[in-house]
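**Q** Quick one: the structure is below, and I'll ask about it shortly.
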Amino acid sequence: MSWHVVAKVGEIEPGTSKVVTVRGRELGVFNVKGDYYALANKCPHEGASLCKGRIIGLAESDEPGHYRLTRQGELLRCPWHGWEFDIRTGQSWCDPVRTKVKAYHVKVETGEEVEKLGDKSKGPYIAETFSVSVKDNYILVDV
Amino acid sequence: MTDVLDYPATEQANKPVKPGIVDCDIHPSSSSFEEFKPFLSKRWWDHLNTYGMFVRQGFKEMLAFPRMQAEVSRLDAWPPSGGPPGSDLDFMRQQHLDPNGVEVGVLIPLRLNSGSQRNIDFGQALVGAVNDWQLEKFCRPEKRLRASIQIAPEDTPGSVAEIERRADDPHFVQILLPPRNGDPIGRERFWPIYEAAVAAKRPIALHVGGVAGHPVSGGTGWPSFYLEEHHSQVQTMQSVIISMVVEGVFERFPALKMVVIEAGFAWLPALAWRLDAQFERMRSEVPHLKRKPSEYIRDHIWFTTQPIEEPDRPDDLTRAMEWVGYDRLMFSTDYPHWDFDDPAHAIQVKLSDENRRKIFSGNAKKLFNLGQA
Ligand code: FES
């Protein structure tokens with residue numbers, strides 16, 4: 001692994017991403033509210049280019065007719081089958097157990113929240129993540 | 001025909017085709033109705049513009065159950081040229097045919113509501129236009145692509161005429177019927193269509209979708225969610241199979257072959273078990289059936305794979321495949337729609353080389369008698 005410059009600070013606006021190729025691998029570098037994260041540009045489900053997906057929030061509901069949209073800009077929705085990934089960790093999260101209320105939607109949470117709630121289980125997919133750092137106005141990725 | 005669109009015969013049309021997969025479900029699209037104008041008489045073009053099409057639902061431009069993504073499509077499938085996904089042949093080549101190694105792709109046109117028209121002459125005109133359009137826009141410029149003979153079964157004689165008109169053209173590999181019609185599709189009034197299909201040596205094919213005009217949930221009222229509506233497509237296909245079998249279509253037309261597209265297949269064993277069990281009890285009601293329902297099903301029906309079932313235990317899928325038969329499954333992607341199956345990733349169960357070859361190309365080549373166009 002080594003660090004590679006992939007962009008200049010300011011080049012990637014908050015809420016957007018840039019696709020870069022580093023050592024033959026396509027990555028998406030995301031700006032989530034000022035912090036940078038990198039994911040492999042390949043959905044672990046069937047391989048879609050993740051960066052062509054929408055950056056979204058989390059839709060939650062405790063009962064029909066009541067919805068909350070939270071964590072705007074922190075999740076990435078695959079352009080094909082719509083699995084949702086936490087941009088920070090690459091993890092998809094779902095709750096397949098409590099089928100009565102929640103069977104109609106896939107829940108996406110951060111790792112901390114999942115541990116806190118204790119009633120979710122990890123989704124089957126994890127998008128590959130890479131370390132990102134910022135040095136002298138340049139964004140670097142460790143690949 | 002008043003004028004002819006000039007679809008360029010690009011270089012690709014002459015390139016040799018590499019061996020690869022057969023994709024049994026690709027959706028071609030159009031940028032506007034203007035694309036069909038060259039294939040409609042003035043009378044029907046004027047009709048389309050003056051009166052529009054009959055739709056069996058409240059909305060003209062959208063479906064009653066909004067799809068997960070616009071145009072039911074992959075977010076990355078919108079061509080840079082500006083039309084909807086599936087409307088730009090060059091982009092389809094770049095994004096799908098080339099990288100996914102498609103040797104043959106079978107077009108399933110869902111544009112125009114031909115099969116829903118109550119004005120059946122208009123329905124016939126639309127069907128003819130869609131069929132010409134597939135040829136001119138896609139199949140002639142791109143020899144990897146094959147067409148489906150779209151028909152509007154509400155007009156049985158018109159459908160027979162359309163099948164006969166296309167029968168000598170090897171670009172057309174199957175006859176496409178909508179699964180949701182005014183009557184269950186096995187009823188005798190549709191039989192001339194099956195007779196024509198056998199004569200034309202083409203399988204009939206039913207792709208999920210369409211709007212019946214009444215609730216899809218088996219008479220219990222309208223569902224609330226797209227998820228429910230999406231799954232009702234499978235229920236529709238089960239009704240189609242039951243109707244074809246129980247009405248005796250396969251008994252009457254032993255050479256008829258049928259393709260079920262985009263409805264999955266893992267549910268088939270349970271359906272067949274139930275039908276067989278009831279048949280034993282009620283066979284005096286249907287004395288025209290000489291064999292068990294499961295025998296007709298296994299002999300006459302092929303299934304495309306997408307969207308393939310994804311059980312937690314992959315072995316469950318293997319067992320379903322074994323029951324359905326490795327010689328009855330044909331790979332499909334559904335490009336450019338959102339639930340696209342990628343040929344490299346979609347089928348996650350172990351397959352022998354032989355079965356893989358059958359599913360990814362061999363079965364379709366045999367069924368469609370490919371390699372002539
Ligand atoms: S390829 Fe990403 S969800 Fe299926």
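Identifiers in the structure tokens: chain A, B, ... in order shown; residue index from 1 per chain; ligand index from 1 in order shown.
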Quick one: contact table of chain B to ligand 1, 12 Å max, nearest atom pair and distance in Å to one decimal per residue, counting only C-alpha atoms and all ligand atoms, chain and number order, as CSV?

**A**
residue,atom,partner,partner_atom_place_in_ligand_line,distance
B:Arg74,CA,ligand 1,1 (S),10.0
B:Leu75,CA,ligand 1,2 (Fe),11.1
B:Asp76,CA,ligand 1,1 (S),11.5
B:Pro307,CA,ligand 1,4 (Fe),10.8
B:Ile308,CA,ligand 1,4 (Fe),11.7
B:Glu310,CA,ligand 1,4 (Fe),11.3
B:His337,CA,ligand 1,4 (Fe),12.0
B:Trp338,CA,ligand 1,4 (Fe),9.0
B:Asp339,CA,ligand 1,4 (Fe),7.6
B:Phe340,CA,ligand 1,4 (Fe),8.1
B:Asp341,CA,ligand 1,4 (Fe),8.0
B:Asp342,CA,ligand 1,1 (S),8.0
B:Pro343,CA,ligand 1,1 (S),11.4
B:Ala344,CA,ligand 1,1 (S),11.1
B:His345,CA,ligand 1,1 (S),8.7
B:Ala346,CA,ligand 1,4 (Fe),8.9

**Q** Counting only C-alpha atoms, give me one row per residue of chain A with an atom at most 8 Å from an atom of chain B, showing the shortest contact pair and its distance in Å to one decimal, sorted by chain then residue number, as JSON lines.

**A**
{"residue": "A:His45", "atom": "CA", "partner": "B:His345", "partner_atom": "CA", "distance": 7.7}
{"residue": "A:Glu46", "atom": "CA", "partner": "B:His345", "partner_atom": "CA", "distance": 5.1}
{"residue": "A:Gly47", "atom": "CA", "partner": "B:His345", "partner_atom": "CA", "distance": 7.2}
{"residue": "A:Lys52", "atom": "CA", "partner": "B:Asp76", "partner_atom": "CA", "distance": 6.0}
{"residue": "A:Gly53", "atom": "CA", "partner": "B:Leu75", "partner_atom": "CA", "distance": 6.7}
{"residue": "A:Pro79", "atom": "CA", "partner": "B:Leu75", "partner_atom": "CA", "distance": 4.8}
{"residue": "A:Trp80", "atom": "CA", "partner": "B:Arg74", "partner_atom": "CA", "distance": 4.9}
{"residue": "A:His81", "atom": "CA", "partner": "B:Asp339", "partner_atom": "CA", "distance": 5.5}
{"residue": "A:Tyr104", "atom": "CA", "partner": "B:Leu227", "partner_atom": "CA", "distance": 7.6}

**Q** Take the selection from the previous step and output its residues with N, CA and C atoms, as a PDB file, in the first residue's frame.

**A**
ATOM      1  N   HIS A  45     -22.340  -6.502  -4.710  1.00  0.00           N
ATOM      2  CA  HIS A  45     -23.445  -7.386  -5.085  1.00  0.00           C
ATOM      3  C   HIS A  45     -23.226  -7.947  -6.484  1.00  0.00           C
ATOM      4  N   GLU A  46     -23.357  -7.123  -7.521  1.00  0.00           N
ATOM      5  CA  GLU A  46     -23.132  -7.625  -8.878  1.00  0.00           C
ATOM      6  C   GLU A  46     -22.176  -6.756  -9.684  1.00  0.00           C
ATOM      7  N   GLY A  47     -21.454  -5.882  -8.995  1.00  0.00           N
ATOM      8  CA  GLY A  47     -20.359  -5.199  -9.678  1.00  0.00           C
ATOM      9  C   GLY A  47     -20.663  -3.875 -10.345  1.00  0.00           C
ATOM     10  N   LYS A  52     -21.803   5.816  -9.781  1.00  0.00           N
ATOM     11  CA  LYS A  52     -22.895   6.337 -10.603  1.00  0.00           C
ATOM     12  C   LYS A  52     -24.208   6.330  -9.825  1.00  0.00           C
ATOM     13  N   GLY A  53     -24.161   5.822  -8.603  1.00  0.00           N
ATOM     14  CA  GLY A  53     -25.362   5.810  -7.778  1.00  0.00           C
ATOM     15  C   GLY A  53     -25.614   7.171  -7.162  1.00  0.00           C
ATOM     16  N   PRO A  79     -26.480   2.122  -8.343  1.00  0.00           N
ATOM     17  CA  PRO A  79     -27.308   2.509  -9.484  1.00  0.00           C
ATOM     18  C   PRO A  79     -28.123   1.354 -10.062  1.00  0.00           C
ATOM     19  N   TRP A  80     -27.814   0.128  -9.687  1.00  0.00           N
ATOM     20  CA  TRP A  80     -28.581  -0.997 -10.233  1.00  0.00           C
ATOM     21  C   TRP A  80     -29.693  -1.417  -9.285  1.00  0.00           C
ATOM     22  N   HIS A  81     -29.386  -2.237  -8.299  1.00  0.00           N
ATOM     23  CA  HIS A  81     -30.463  -2.812  -7.490  1.00  0.00           C
ATOM     24  C   HIS A  81     -30.742  -2.050  -6.207  1.00  0.00           C
ATOM     25  N   TYR A 104     -40.551  -4.559   4.623  1.00  0.00           N
ATOM     26  CA  TYR A 104     -40.649  -3.882   3.337  1.00  0.00           C
ATOM     27  C   TYR A 104     -39.509  -2.923   3.042  1.00  0.00           C
TER      28      TYR A 104
END

**Q** Would you pick out the contacts of Phe360 of chain B at 7 Å or less, using only C-alpha atoms, so that residues sharing its chain but fewer than 6 positions from it are not included, and give the list as a list in words?

**A** Ile21, Val22, Met330 and Phe331 of chain B

**Q** Write out as a ChimeraX atom specification each polymer residue whose atoms come within 7 Å of segment 25-32 of chain B, counting only C-alpha atoms; drop sequence neighbours fewer than 3 positions from it.

**A** /B:35,83-87,105-109,111,332-336

**Q** Using Å and a single decimal, report how far atom CA of Trp3 of chain A sits from atom CA of Leu50 of chain A.

**A**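 These two atoms are separated by 22.2 Å.
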
**Q** Excluding same-chain residues fewer than 2 positions from Lys290 of chain B, what lies within 12 Å of it counting only C-alpha atoms, as an MDAnalysis selection string?

**A** chainID B and resid 245:252 254 279:280 283:284 286:288 292:296

**Q** Please give the complete set of residues from segment 53-89 of chain A that DSSP, run on the backbone, assigns to strand (DSSP E or B), formatted as number ranges by chain.

**A** A: 54-63, 66-77, 84-86

**Q** Emit the selected residues as a short mmCIF file (atom, residue, chain, number, x, y, z; two decimals), in the first residue's frame, including C-alpha atoms.

**A**
data_model
loop_
_atom_site.label_atom_id
_atom_site.label_comp_id
_atom_site.auth_asym_id
_atom_site.auth_seq_id
_atom_site.Cartn_x
_atom_site.Cartn_y
_atom_site.Cartn_z
CA ARG A 54 -27.11 8.58 -5.91
CA ILE A 55 -25.85 10.02 -2.67
CA ILE A 56 -28.82 9.88 -0.39
CA GLY A 57 -30.03 9.96 3.18
CA LEU A 58 -31.63 7.32 5.31
CA ALA A 59 -35.38 6.80 5.10
CA GLU A 60 -36.72 5.36 8.34
CA SER A 61 -40.20 4.51 9.45
CA ASP A 62 -41.66 3.03 12.62
CA GLU A 63 -45.09 2.61 11.11
CA HIS A 66 -44.67 8.14 9.10
CA TYR A 67 -41.27 8.64 7.56
CA ARG A 68 -38.08 10.34 8.64
CA LEU A 69 -35.25 11.30 6.36
CA THR A 70 -32.00 11.50 8.26
CA ARG A 71 -28.28 11.39 7.59
CA GLN A 72 -28.67 13.20 4.29
CA GLY A 73 -25.56 12.82 2.14
CA GLU A 74 -24.02 9.95 4.10
CA LEU A 75 -25.26 6.98 2.12
CA LEU A 76 -24.67 5.77 -1.38
CA ARG A 77 -27.35 3.90 -3.32
CA GLU A 84 -27.41 1.25 0.23
CA PHE A 85 -23.93 1.66 1.65
CA ASP A 86 -22.55 3.84 4.39
#

**Q** What is the distance, in Å and to one decimal place, between atom CA of Ala272 of chain B and atom CA of Ala200 of chain B?

**A**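 One can read the atom CA of Ala272 of chain B to atom CA of Ala200 of chain B distance as 28.8 Å.
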
**Q** Residues at most 8 Å from Gln124 of chain B, counting only C-alpha atoms, excluding those fewer than 2 positions away in the same chain, as an MDAnalysis selection string?

**A** chainID B and resid 114 120:122 126:128 151:152 155 158:159

**Q** Any idea what's packed within 12 Å of segment 45-62 of chain B, counting only C-alpha atoms, ignoring anything in its chain fewer than 2 positions away? Could you give it as an MDAnalysis selection string?

**A** chainID B and resid 1:2 33:43 64:67 70:72 111:123 125:126 129 180:182 210:215

**Q** So how many Å separate atom CA of Gly15 of chain A and atom CA of Asn31 of chain A, to one decimal?

**A**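 Atom CA of Gly15 of chain A sits 5.7 Å away from atom CA of Asn31 of chain A.
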
**Q** Counting only C-alpha atoms, figure out which residue out of B:Asp183, B:Gly264, B:Trp273, B:Ser232 gets nearest to Met244 of chain B.

**A**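 Going through B:Asp183, B:Gly264, B:Trp273, B:Ser232 one by one, the smallest distance to Met244 of chain B is for B:Asp183.
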